[in-house]
file input_31.txt (compact mmCIF, C-alpha atoms)
# COMPACT_ATOMS: atom_id res chain seq x y z
CA MET A 1 39.55 110.61 -0.97
CA ASP A 2 37.18 108.33 0.96
CA ASN A 3 37.29 104.73 -0.29
CA ARG A 4 34.38 103.48 1.80
CA GLU A 5 31.14 102.45 0.10
CA PRO A 6 28.08 104.56 1.05
CA ILE A 7 24.74 103.06 2.01
CA LEU A 8 22.87 106.19 0.87
CA GLN A 9 24.00 108.96 -1.43
CA MET A 10 22.12 112.07 -2.60
CA THR A 11 23.85 114.03 -5.37
CA ASP A 12 22.96 117.48 -6.79
CA ILE A 13 19.37 117.23 -5.54
CA THR A 14 16.72 119.77 -6.44
CA ALA A 15 13.38 119.10 -4.77
CA GLY A 16 10.21 120.80 -3.58
CA TYR A 17 6.44 120.80 -3.66
CA GLU A 18 4.28 121.79 -6.63
CA HIS A 19 5.88 125.00 -7.95
CA LYS A 20 8.00 125.76 -4.86
CA THR A 21 11.65 124.67 -4.81
CA VAL A 22 12.87 123.89 -1.29
CA LEU A 23 16.30 122.39 -1.97
CA SER A 24 18.81 123.10 -4.73
CA ASN A 25 22.13 121.36 -5.36
CA ALA A 26 21.84 119.42 -2.09
CA ASN A 27 24.27 116.60 -1.34
CA ILE A 28 24.71 114.05 1.42
CA THR A 29 26.62 110.78 1.68
CA VAL A 30 25.83 108.28 4.44
CA TYR A 31 28.34 105.53 5.24
CA PRO A 32 27.68 102.45 7.39
CA ASP A 33 29.46 104.13 10.32
CA SER A 34 28.07 107.66 9.83
CA PHE A 35 26.53 109.71 12.62
CA ILE A 36 25.21 112.78 10.82
CA ALA A 37 23.37 115.76 12.31
CA LEU A 38 21.25 117.93 10.04
CA VAL A 39 20.97 121.44 11.46
CA GLY A 40 19.56 124.68 10.12
CA PRO A 41 16.62 127.08 10.29
CA ASN A 42 12.95 126.14 10.16
CA GLY A 43 11.86 125.99 6.53
CA GLY A 44 15.43 125.40 5.38
CA GLY A 45 14.67 121.93 3.99
CA LYS A 46 15.57 119.46 6.76
CA THR A 47 12.18 117.71 6.59
CA THR A 48 12.42 117.59 2.81
CA MET A 49 15.83 115.92 3.12
CA ILE A 50 14.33 113.26 5.37
CA LYS A 51 11.42 112.63 2.98
CA LEU A 52 13.89 112.16 0.14
CA MET A 53 15.93 109.68 2.19
CA LEU A 54 12.80 107.71 3.09
CA GLY A 55 11.56 107.63 -0.49
CA GLN A 56 8.47 109.67 0.40
CA LEU A 57 9.46 112.38 -2.08
CA THR A 58 11.03 112.12 -5.53
CA PRO A 59 13.60 114.78 -6.49
CA ASN A 60 13.02 117.07 -9.45
CA SER A 61 16.63 116.52 -10.49
CA GLY A 62 19.74 114.82 -9.22
CA SER A 63 20.18 111.23 -8.03
CA ILE A 64 19.52 109.19 -4.89
CA LYS A 65 21.27 105.87 -4.45
CA THR A 66 20.82 103.32 -1.68
CA ALA A 67 22.46 100.04 -0.78
CA ASP A 68 20.74 96.84 -1.85
CA ASN A 69 17.96 95.67 0.50
CA ILE A 70 18.64 98.43 2.99
CA HIS A 71 16.29 98.74 5.97
CA ILE A 72 15.68 102.27 7.23
CA GLY A 73 14.19 102.97 10.64
CA TYR A 74 12.46 106.30 11.21
CA LEU A 75 11.59 108.16 14.40
CA PRO A 76 9.38 111.17 13.55
CA GLN A 77 8.57 114.04 15.85
CA ILE A 78 5.93 113.13 18.43
CA ASN A 79 2.46 114.52 17.78
CA ASP A 80 0.57 114.96 21.06
CA SER A 81 -2.76 114.43 19.31
CA ASP A 82 -1.78 110.80 18.66
CA LEU A 83 -1.27 110.01 22.34
CA GLU A 84 -4.98 109.66 23.19
CA PHE A 85 -5.29 106.58 20.99
CA PRO A 86 -5.78 103.53 23.31
CA ILE A 87 -2.76 101.47 22.30
CA SER A 88 -0.24 99.75 24.54
CA VAL A 89 3.49 100.38 24.51
CA LEU A 90 4.09 96.87 23.18
CA ASP A 91 1.61 97.38 20.34
CA VAL A 92 3.30 100.67 19.43
CA VAL A 93 6.60 98.84 19.08
CA LEU A 94 5.02 96.00 17.09
CA SER A 95 3.48 98.54 14.70
CA GLY A 96 7.02 98.93 13.34
CA THR A 97 6.70 95.57 11.57
CA LYS A 98 5.14 95.07 8.16
CA CYS A 99 2.53 92.74 9.63
CA ARG A 100 0.16 95.09 11.43
CA PHE A 101 -2.51 92.77 12.87
CA ARG A 102 -0.90 89.44 13.64
CA HIS A 103 2.61 89.07 14.95
CA SER A 104 4.86 86.05 15.22
CA LYS A 105 6.33 84.85 18.50
CA GLU A 106 9.73 85.97 17.21
CA GLU A 107 8.48 89.51 16.55
CA ILE A 108 6.88 89.75 20.00
CA ALA A 109 10.05 88.43 21.65
CA TYR A 110 12.16 90.96 19.70
CA ALA A 111 9.83 93.80 20.71
CA HIS A 112 10.30 92.83 24.37
CA GLU A 113 14.06 92.65 23.80
CA LEU A 114 14.05 96.21 22.44
CA LEU A 115 11.91 97.46 25.32
CA LYS A 116 14.34 95.87 27.75
CA PHE A 117 17.22 97.60 25.95
CA VAL A 118 15.56 101.01 26.58
CA GLN A 119 14.42 100.01 30.10
CA LEU A 120 10.69 99.99 29.31
CA ASP A 121 9.88 96.28 29.38
CA GLU A 122 7.96 96.60 32.65
CA LEU A 123 5.70 99.19 30.99
CA ALA A 124 4.92 97.07 27.90
CA GLY A 125 1.21 96.81 28.77
CA ARG A 126 0.71 100.45 29.68
CA GLN A 127 -1.13 102.85 27.37
CA ILE A 128 1.35 104.93 25.36
CA GLY A 129 -0.27 108.23 26.43
CA GLN A 130 0.44 107.46 30.07
CA LEU A 131 4.20 107.57 29.57
CA SER A 132 6.41 110.58 30.11
CA GLY A 133 7.88 112.38 27.11
CA GLY A 134 11.21 110.63 27.46
CA GLN A 135 9.59 107.21 27.90
CA ARG A 136 7.40 107.76 24.82
CA GLN A 137 10.41 108.65 22.69
CA ARG A 138 12.17 105.47 23.81
CA ALA A 139 9.06 103.45 22.92
CA PHE A 140 8.87 105.05 19.47
CA LEU A 141 12.61 104.44 19.07
CA CYS A 142 11.90 100.74 19.62
CA ARG A 143 9.24 100.90 16.90
CA ALA A 144 11.82 102.36 14.51
CA LEU A 145 14.21 99.53 15.39
CA MET A 146 11.76 96.69 14.73
CA CYS A 147 12.86 96.48 11.07
CA LYS A 148 16.49 95.94 12.20
CA PRO A 149 17.71 98.94 10.19
CA GLN A 150 21.13 99.63 8.75
CA LEU A 151 20.19 103.33 8.82
CA LEU A 152 18.24 105.07 11.59
CA ILE A 153 16.74 108.50 10.84
CA LEU A 154 15.47 110.66 13.72
CA ASP A 155 13.61 113.98 13.53
CA GLU A 156 14.24 116.11 16.64
CA PRO A 157 14.28 113.13 19.04
CA SER A 158 14.70 115.35 22.12
CA THR A 159 11.35 117.12 21.62
CA TYR A 160 9.30 117.18 24.87
CA MET A 161 12.23 115.71 26.80
CA ASP A 162 14.06 117.11 29.83
CA LYS A 163 17.85 117.12 30.08
CA ASP A 164 18.10 113.74 31.83
CA SER A 165 15.83 112.09 29.26
CA THR A 166 17.77 113.74 26.42
CA ASP A 167 21.07 112.48 27.81
CA ASN A 168 19.57 109.00 28.15
CA MET A 169 18.38 109.07 24.54
CA TYR A 170 21.80 110.03 23.24
CA GLU A 171 23.42 107.28 25.31
CA LEU A 172 21.10 104.81 23.57
CA LEU A 173 21.98 106.28 20.18
CA SER A 174 25.67 105.97 20.99
CA ASP A 175 25.17 102.25 21.63
CA LEU A 176 23.04 101.83 18.50
CA HIS A 177 25.66 103.59 16.39
CA LYS A 178 27.97 100.63 16.94
CA THR A 179 25.76 98.62 14.57
CA MET A 180 24.05 101.16 12.28
CA ALA A 181 24.33 104.56 10.64
CA ILE A 182 22.40 107.44 12.17
CA VAL A 183 21.04 110.64 10.61
CA LEU A 184 19.49 113.02 13.09
CA VAL A 185 17.72 116.37 12.72
CA SER A 186 18.52 118.85 15.49
CA HIS A 187 18.36 122.57 16.21
CA ASP A 188 21.09 122.28 18.83
CA ILE A 189 24.37 122.55 16.93
CA ASP A 190 26.37 122.95 20.17
CA SER A 191 25.09 119.61 21.48
CA MET A 192 25.67 117.91 18.15
CA SER A 193 29.24 119.17 17.92
CA HIS A 194 30.40 116.52 20.42
CA ARG A 195 27.91 113.80 19.49
CA ALA A 196 27.70 113.64 15.70
CA HIS A 197 30.68 112.83 13.48
CA THR A 198 29.36 114.97 10.63
CA ILE A 199 27.29 118.15 10.86
CA ILE A 200 25.50 119.42 7.76
CA ARG A 201 23.64 122.72 7.69
CA VAL A 202 20.51 122.56 5.56
CA ASP A 203 19.33 125.97 4.38
CA ARG A 204 17.90 125.67 0.85
CA THR A 205 21.02 123.66 0.06
CA THR A 206 23.58 121.69 2.08
CA HIS A 207 26.72 123.07 3.73
CA LEU A 208 29.27 120.82 5.42
CA VAL A 209 30.01 122.27 8.87
CA SER A 210 32.28 119.57 10.32
CA ASN A 211 33.32 116.08 9.40
CA HIS A 212 35.17 113.27 11.15
CA TYR A 213 34.53 109.54 11.15
CA SER A 214 34.45 106.56 13.47
CA THR A 215 35.71 103.07 12.66
CA VAL A 216 34.71 101.45 9.39
CA VAL A 217 32.07 98.71 9.48
CA PRO A 218 30.97 96.31 6.68
CA TYR A 219 29.03 97.78 3.78
CA THR A 220 26.39 96.70 1.29
CA PRO A 221 26.82 97.39 -2.46
CA ILE A 222 24.97 100.47 -3.65
CA THR A 223 22.25 100.57 -6.32
CA LYS A 224 20.43 103.43 -7.98
CA ARG A 225 16.97 104.30 -6.68
CA TYR A 226 16.22 107.60 -8.41
CA SER A 227 18.04 109.45 -11.12
CA SER A 228 17.26 112.35 -13.43
CA ASN A 229 19.29 114.86 -15.36

call {"tool": "encode", "arguments": {"input": "input_31.txt", "output": "structure tokens"}}
result
Amino acid sequence: MDNREPILQMTDITAGYEHKTVLSNANITVYPDSFIALVGPNGGGKTTMIKLMLGQLTPNSGSIKTADNIHIGYLPQINDSDLEFPISVLDVVLSGTKCRFRHSKEEIAYAHELLKFVQLDELAGRQIGQLSGGQRQRAFLCRALMCKPQLLILDEPSTYMDKDSTDNMYELLSDLHKTMAIVLVSHDIDSMSHRAHTIIRVDRTTHLVSNHYSTVVPYTPITKRYSSN
């Protein structure tokens, strides 16, 4: 029995859209040191799982609990149609703060710190659409990190990336995992088998594929967010 306290827990979830049920009896527990990969077929419910975690969708039944005052960072799939918008790399990163139009010196300094971490600081003034696929993903990763999350959720982060860029991204995630939990959607179960500590197959419900943990890090007490019978 695991005695650690979770930072997010979904129990016996049924969820969907209008009259269509997408997930039934789905379960996931995220600990402060979790690195979880969600795998499975298209249409199996991976995106629905993410929406539930982010609070963008309320379950029809079951319960979702999160730690008090938890910050969740989110890296969605890149949409090429968004890349024509004339916005700089730095402004993309700063858009991850709650204040959208005026930013403090501390926020700007932190954005530069994140860009330096992903080796993009010299490109801070460049238009986002001018970056390569791998560079764009690193910029959007910085945006997800601006809220200083305890949980980072990523949806297919290797989309539009070559092998070198993909390897670089996972090296960054390995470093980030030292200070936060990670939940990642991927179609590549072979790659995830030696990167993620837990692999969950999502196909209308959840199936635990493999499970092993890293070292335990401090936790925050859990509170109920949604619950229904």

call {"tool": "residues_around", "arguments": {"input": "input_31.txt", "residues": "A:Leu172", "least_positions_apart": "5", "cutoff": "9 Å", "atoms": "all atoms listed in the file", "output": "list of chain:residue names"}}
result
A:Phe117, A:Val118, A:Arg138, A:Asp167, A:His177

call {"tool": "atom_distance", "arguments": {"input": "input_31.txt", "atom1": "atom CA of A:Gln137", "atom2": "atom CA of A:His194"}}
result
21.6 Å

call {"tool": "axis_aligned_box", "arguments": {"input": "input_31.txt", "around": "stretch 138-144 of chain A", "padding_each_side": "3 Å", "output": "JSON"}}
result
{"center_x": 10.7, "center_y": 103.1, "center_z": 19.2, "size_x": 9.7, "size_y": 10.7, "size_z": 15.3}

call {"tool": "residues_around", "arguments": {"input": "input_31.txt", "residues": "A:Pro6", "least_positions_apart": "6", "cutoff": "7 Å", "atoms": "all atoms listed in the file", "output": "count of residues only"}}
result
5

call {"tool": "residues_around", "arguments": {"input": "input_31.txt", "residues": "A:Val93", "least_positions_apart": "3", "cutoff": "7 Å", "atoms": "only C-alpha atoms", "output": "count of residues only"}}
result
8

call {"tool": "closest_residue", "arguments": {"input": "input_31.txt", "among": "A:Tyr74, A:Gln150, A:Asp12, A:Asn211", "to": "A:Lys178", "atoms": "all atoms listed in the file"}}
result
A:Gln150

call {"tool": "atom_distance", "arguments": {"input": "input_31.txt", "atom1": "atom CA of A:Val185", "atom2": "atom CA of A:Asp164"}}
result
19.3 Å

call {"tool": "atom_distance", "arguments": {"input": "input_31.txt", "atom1": "atom CA of A:Ser63", "atom2": "atom CA of A:Ser24"}}
result
12.4 Å

call {"tool": "closest_residue", "arguments": {"input": "input_31.txt", "among": "A:Pro149, A:Gly125, A:Gly16, A:Gly133", "to": "A:Met49", "atoms": "only C-alpha atoms"}}
result
A:Gly16

call {"tool": "residues_near_point", "arguments": {"input": "input_31.txt", "point": "(14.0, 117.2, -11.2)", "cutoff": "7 Å", "atoms": "all atoms listed in the file", "output": "list in words"}}
result
Thr14, Ala15, Pro59, Asn60, Ser61, Gly62 and Ser228 of chain A

call {"tool": "closest_residue", "arguments": {"input": "input_31.txt", "among": "A:Leu115, A:Leu8, A:Leu131, A:Val39", "to": "A:Ser186", "atoms": "all atoms listed in the file"}}
result
A:Val39

call {"tool": "closest_residue", "arguments": {"input": "input_31.txt", "among": "A:Leu75, A:Leu114, A:Met161, A:Ala37", "to": "A:Ala196", "atoms": "all atoms listed in the file"}}
result
A:Ala37

call {"tool": "closest_residue", "arguments": {"input": "input_31.txt", "among": "A:Glu5, A:Asp155, A:Glu171, A:Asp190", "to": "A:Leu38", "atoms": "all atoms listed in the file"}}
result
A:Asp155

call {"tool": "residues_around", "arguments": {"input": "input_31.txt", "residues": "A:Asp203", "least_positions_apart": "2", "cutoff": "6 Å", "atoms": "only C-alpha atoms", "output": "list in words"}}
result
Gly40, Gly44 and Thr205 of chain A

call {"tool": "write_last_selection", "arguments": {"input": "input_31.txt", "atoms": "C-alpha atoms", "output": "mmCIF file, in the coordinates of the input"}}
result
data_model
loop_
_atom_site.group_PDB
_atom_site.id
_atom_site.type_symbol
_atom_site.label_atom_id
_atom_site.label_comp_id
_atom_site.auth_asym_id
_atom_site.auth_seq_id
_atom_site.Cartn_x
_atom_site.Cartn_y
_atom_site.Cartn_z
ATOM 1 C CA GLY A 40 19.560 124.680 10.120
ATOM 2 C CA GLY A 44 15.430 125.400 5.380
ATOM 3 C CA THR A 205 21.020 123.660 0.060
#

call {"tool": "residues_around", "arguments": {"input": "input_31.txt", "residues": "A:Thr159", "least_positions_apart": "6", "cutoff": "12 Å", "atoms": "only C-alpha atoms", "output": "ChimeraX atom specification"}}
result
/A:75-80,132-138,165-166,169,185-188

call {"tool": "closest_residue", "arguments": {"input": "input_31.txt", "among": "A:Leu57, A:Ile128, A:Leu145, A:Lys98", "to": "A:Glu113", "atoms": "all atoms listed in the file"}}
result
A:Leu145
